[in-house]
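The structure appears right after this line, and notes come after that.
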Amino acid sequence: DNNIDIIFHAAAYKHVPIVELNPIEGIKNNIFSTVAVCEASVKNHVEKLILISTDKSVRPTNIMGASKRVAELVVQAYAEKESTKFNKDNTYKETLFSMVRFGNVLGSSGSVVLKFKEQIKSGGPITLTDPNIIRYFMTIKEAAQLVIQSSVLSKGGDIFLLDMGHPVKIYDLAKQMVNLSGLSIKNENNINGDIEIVSTGLRPGEKLYEELLINAQSEPTSNQRIFKAYENSIEFLVIEKILKELKLNLDNYNLEESLNILKKLVPEWKKN
């Protein structure tokens with residue numbers, strides 16, 4: 001017995017276009033790995049489990065975001081199941097389940113900053129999908145500290161939102177990185193510039209703007225950068241039944257029916 005007190009469940013297939021191209025594997029991994037981690041936590045009476053979620057689970061426009069919203073629903077269902085057990089028997093050692101949603105982390109794997117750095121180093125061009133695309137960013141250190149702090153605030157079933165600060169226009173970020181490298185932008189006004197910025201078009205399932213997480217429905221906590229959201233949840237016995245059906249369809253590679261079930265679980269998902 002390793003006496004694990006707390007689990008941060010951060011594993012997922014997070015690359016939006018790759019999950020769009022491999023929906024069966026993406027859905028299966030993101031949802032059922034969460035079920036497995038929740039089961040293991042309860043079985044071993046782990047004190048707390050925190051799911052690392054994403055701003056892409058808010059009114060998702062892609063399969064990755066929808067699958068992460070279901071992962072949240074799974075965690076919410078386990079939270080409800082655990083508190084029911086505890087209410088029946090207050091000697092029961094319950095696991096507190098909660099989740100934290102935030103946006104992009106600067107310098108993490110797949111981060112646009114690392115990609116731009118590479119492209120500048122090799123002489124350009126810098127490629128971005130759309131000149132108007134906007135994202136929220138946070139440093140690795142900030143994100144890690146706030147996730148740990150949110151785990152302290154957990155009472156079970158909470159969805160925490162991290163204040164990501166102001167949105168950043170990716171085009172401006174690219175321009176700034178070129179200038180900070182001591183180079184200039186090559187465009188029609190400056191044909192002798194060093195680095196060109198090229199738009200390649202939005203990728204499948206990609207949004208121009210990620211949703212601002214902190215809205216009127218969310219309330220502050222004792223930490224000014226952590227908010228608490230209220231979302232619909234599905235009770236354990238109901239979601240368990242739907243997930244059984246989903247698993248069957250995924251195992252049989254029945255994509256259309258799998259996507260229909262995903263839509264049933266996440267009705268706000270804008271399915272293409």
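Labels for the structure tokens follow display order: chains A, B, ..., residues from 1 in each chain, ligands from 1.
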Contact residues around Glu211 in chain A with only C-alpha atoms at 12 Å, ignoring same-chain residues under 6 positions, as a tab-separated table (two decimals) with N, CA, C and O atoms, in the first residue's frame:
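The resulting file, part08.tsv, is shown below:
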chain	number	residue	atom	x	y	z
A	54	THR	N	-10.30	21.17	-19.43
A	54	THR	CA	-9.86	22.14	-20.44
A	54	THR	C	-10.99	23.13	-20.75
A	54	THR	O	-12.17	22.78	-20.61
A	55	ASP	N	-10.61	24.33	-21.19
A	55	ASP	CA	-11.64	25.29	-21.62
A	55	ASP	C	-12.38	24.76	-22.85
A	55	ASP	O	-13.47	25.21	-23.17
A	56	LYS	N	-11.79	23.79	-23.54
A	56	LYS	CA	-12.44	23.24	-24.74
A	56	LYS	C	-13.65	22.36	-24.41
A	56	LYS	O	-14.40	21.96	-25.28
A	57	SER	N	-13.84	22.04	-23.11
A	57	SER	CA	-15.01	21.26	-22.72
A	57	SER	C	-16.25	22.16	-22.53
A	57	SER	O	-17.35	21.67	-22.32
A	58	VAL	N	-16.05	23.48	-22.62
A	58	VAL	CA	-17.16	24.42	-22.48
A	58	VAL	C	-17.82	24.60	-23.85
A	58	VAL	O	-17.17	25.05	-24.78
A	59	ARG	N	-19.10	24.22	-23.97
A	59	ARG	CA	-19.80	24.27	-25.26
A	59	ARG	C	-18.86	23.83	-26.39
A	59	ARG	O	-18.51	24.62	-27.28
A	60	PRO	N	-18.44	22.57	-26.37
A	60	PRO	CA	-17.39	22.13	-27.29
A	60	PRO	C	-17.79	22.19	-28.76
A	60	PRO	O	-18.96	22.04	-29.10
A	61	THR	N	-16.78	22.42	-29.62
A	61	THR	CA	-17.02	22.39	-31.06
A	61	THR	C	-16.24	21.23	-31.67
A	61	THR	O	-16.18	21.09	-32.89
A	65	GLY	N	-13.07	18.12	-27.05
A	65	GLY	CA	-13.75	18.89	-26.01
A	65	GLY	C	-14.96	18.16	-25.46
A	65	GLY	O	-15.20	18.14	-24.25
A	101	ARG	N	-10.71	23.44	-14.72
A	101	ARG	CA	-10.67	23.81	-16.15
A	101	ARG	C	-9.75	25.01	-16.35
A	101	ARG	O	-9.87	25.99	-15.63
A	102	PHE	N	-8.89	24.92	-17.34
A	102	PHE	CA	-8.12	26.11	-17.72
A	102	PHE	C	-7.70	25.99	-19.18
A	102	PHE	O	-7.96	24.99	-19.84
A	103	GLY	N	-7.03	27.03	-19.68
A	103	GLY	CA	-6.69	27.10	-21.10
A	103	GLY	C	-5.29	26.60	-21.39
A	103	GLY	O	-4.83	25.61	-20.82
A	134	ILE	N	-7.74	33.73	-31.09
A	134	ILE	CA	-7.45	34.25	-29.74
A	134	ILE	C	-7.38	33.10	-28.75
A	134	ILE	O	-8.17	32.16	-28.82
A	135	ARG	N	-6.42	33.14	-27.84
A	135	ARG	CA	-6.30	32.11	-26.81
A	135	ARG	C	-5.93	32.74	-25.47
A	135	ARG	O	-5.39	33.84	-25.41
A	136	TYR	N	-6.20	31.99	-24.39
A	136	TYR	CA	-5.78	32.40	-23.05
A	136	TYR	C	-4.53	31.60	-22.70
A	136	TYR	O	-4.45	30.41	-23.02
A	161	LEU	N	-12.55	26.88	-11.99
A	161	LEU	CA	-12.10	27.57	-13.19
A	161	LEU	C	-10.93	28.46	-12.79
A	161	LEU	O	-11.02	29.17	-11.79
A	164	MET	N	-7.58	33.03	-16.28
A	164	MET	CA	-6.46	32.97	-17.23
A	164	MET	C	-5.97	34.36	-17.63
A	164	MET	O	-5.14	34.50	-18.52
A	167	PRO	N	-7.19	37.61	-22.87
A	167	PRO	CA	-6.93	36.80	-24.06
A	167	PRO	C	-5.80	37.39	-24.91
A	167	PRO	O	-5.60	38.61	-24.90
* Return as a PyMOL selection string the full set of residues in range 25-183 of chain A whose backbone-based DSSP assignment is alpha helix (DSSP H). => chain A and resi 25-43+63-88+112-121+140-153+170-180
* To do: Give the answer as one residue: which of A:Glu196, A:Lys85, A:Thr221, A:Pro23 has the shortest atom-to-atom distance to Glu256 in chain A, using only C-alpha atoms?
  =>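 Going through A:Glu196, A:Lys85, A:Thr221, A:Pro23 one by one, the smallest distance to Glu256 in chain A is for A:Pro23.
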* To do: Select, from A:Asn30, A:Cys38, A:Thr91, A:Ile197, the residue with the minimum atom-to-atom distance to Ile170 in chain A, counting only C-alpha atoms.
  =>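 Closest candidate: A:Ile197.
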* Please identify all polymer residues within 8 Å of range 262-265 of chain A, counting only C-alpha atoms, omitting same-chain residues fewer than 6 positions from it, and present them as a ChimeraX atom specification. => /A:66-67,70,246,271
May I have the residues from that selection written out with C-alpha atoms, as a PDB file, in the first residue's frame?
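Written file, again-v1.pdb:
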ATOM      1  CA  ALA A  66     -16.921  16.782 -25.920  1.00  0.00           C
ATOM      2  CA  SER A  67     -14.981  13.751 -24.625  1.00  0.00           C
ATOM      3  CA  VAL A  70     -17.925  13.540 -20.488  1.00  0.00           C
ATOM      4  CA  LEU A 246     -21.082   3.793 -25.621  1.00  0.00           C
ATOM      5  CA  LYS A 271     -21.561  18.396 -33.864  1.00  0.00           C
TER       6      LYS A 271
END
* Asked: Which of these residues is nearest to Ser181 in chain A, using only C-alpha atoms: A:Ile6, A:Ile120, A:Ile63, A:Val147?
  ->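 Of the candidates, the smallest distance to Ser181 in chain A is held by A:Ile120.
The neighbours of Val152 in chain A here are the residues that come within 12 Å of it, using only C-alpha atoms and leaving out any residue fewer than 6 positions away in the same chain; they are Ile6, Glu47, Lys48, Leu49, Ile50, Leu96, Phe97, Ser98, Met99, Gln145, Leu146, Asp158, Phe160, Thr221, Ser222, Asn223 and Ile226 of chain A.
Counting from CA of Ala36 in chain A, the distance to CA of Val75 in chain A is 10.9 Å.
Between CA of Val198 in chain A and CA of Leu128 in chain A there is a distance of 6.3 Å.
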* Which parts of range 107-231 of chain A does DSSP call strand (DSSP E) when run on the backbone here, written out as an MDAnalysis selection string? -> chainID A and resid 126:128 134:135 137:139 158:162 168:169 185:186 195:199 219:220 226:229
Generate a file of the selected residues that holds C-alpha atoms, formatted as a compact mmCIF listing (two decimals), in the first residue's frame.
# COMPACT_ATOMS: atom_id res chain seq x y z
CA ILE A 126 5.51 31.23 -38.96
CA THR A 127 2.24 29.40 -39.62
CA LEU A 128 -0.96 30.12 -37.75
CA ILE A 134 -7.45 34.25 -29.74
CA ARG A 135 -6.30 32.11 -26.81
CA PHE A 137 -2.35 31.53 -21.67
CA MET A 138 -0.80 30.70 -18.33
CA THR A 139 2.71 29.64 -17.34
CA ASP A 158 -16.58 20.95 -7.61
CA ILE A 159 -15.69 22.38 -11.00
CA PHE A 160 -12.99 24.99 -10.54
CA LEU A 161 -12.10 27.57 -13.19
CA LEU A 162 -8.73 29.29 -13.25
CA VAL A 168 -3.97 36.96 -26.41
CA LYS A 169 -4.22 37.36 -30.18
CA ILE A 185 8.30 40.73 -40.07
CA LYS A 186 8.31 40.18 -43.82
CA ILE A 195 10.14 36.17 -41.12
CA GLU A 196 6.80 35.86 -42.87
CA ILE A 197 3.54 35.02 -41.00
CA VAL A 198 1.26 32.75 -43.02
CA SER A 199 -2.37 31.79 -42.29
CA GLU A 219 -18.69 32.31 -8.00
CA PRO A 220 -15.43 33.39 -6.38
CA ILE A 226 -9.92 30.34 -8.67
CA PHE A 227 -13.65 30.39 -9.37
CA LYS A 228 -16.30 27.74 -8.96
CA ALA A 229 -18.69 26.81 -11.76
* Structure fact -> Among A:Trp269, A:Tyr92, A:Tyr13, A:Tyr230, Phe32 in chain A is approached most closely, using only C-alpha atoms, by A:Tyr13
* Structure fact -> Min atom-atom distance to Asn249 in chain A from the set A:Glu20, A:Glu25, A:Glu268, A:Asp5, counting only C-alpha atoms, belongs to A:Glu25
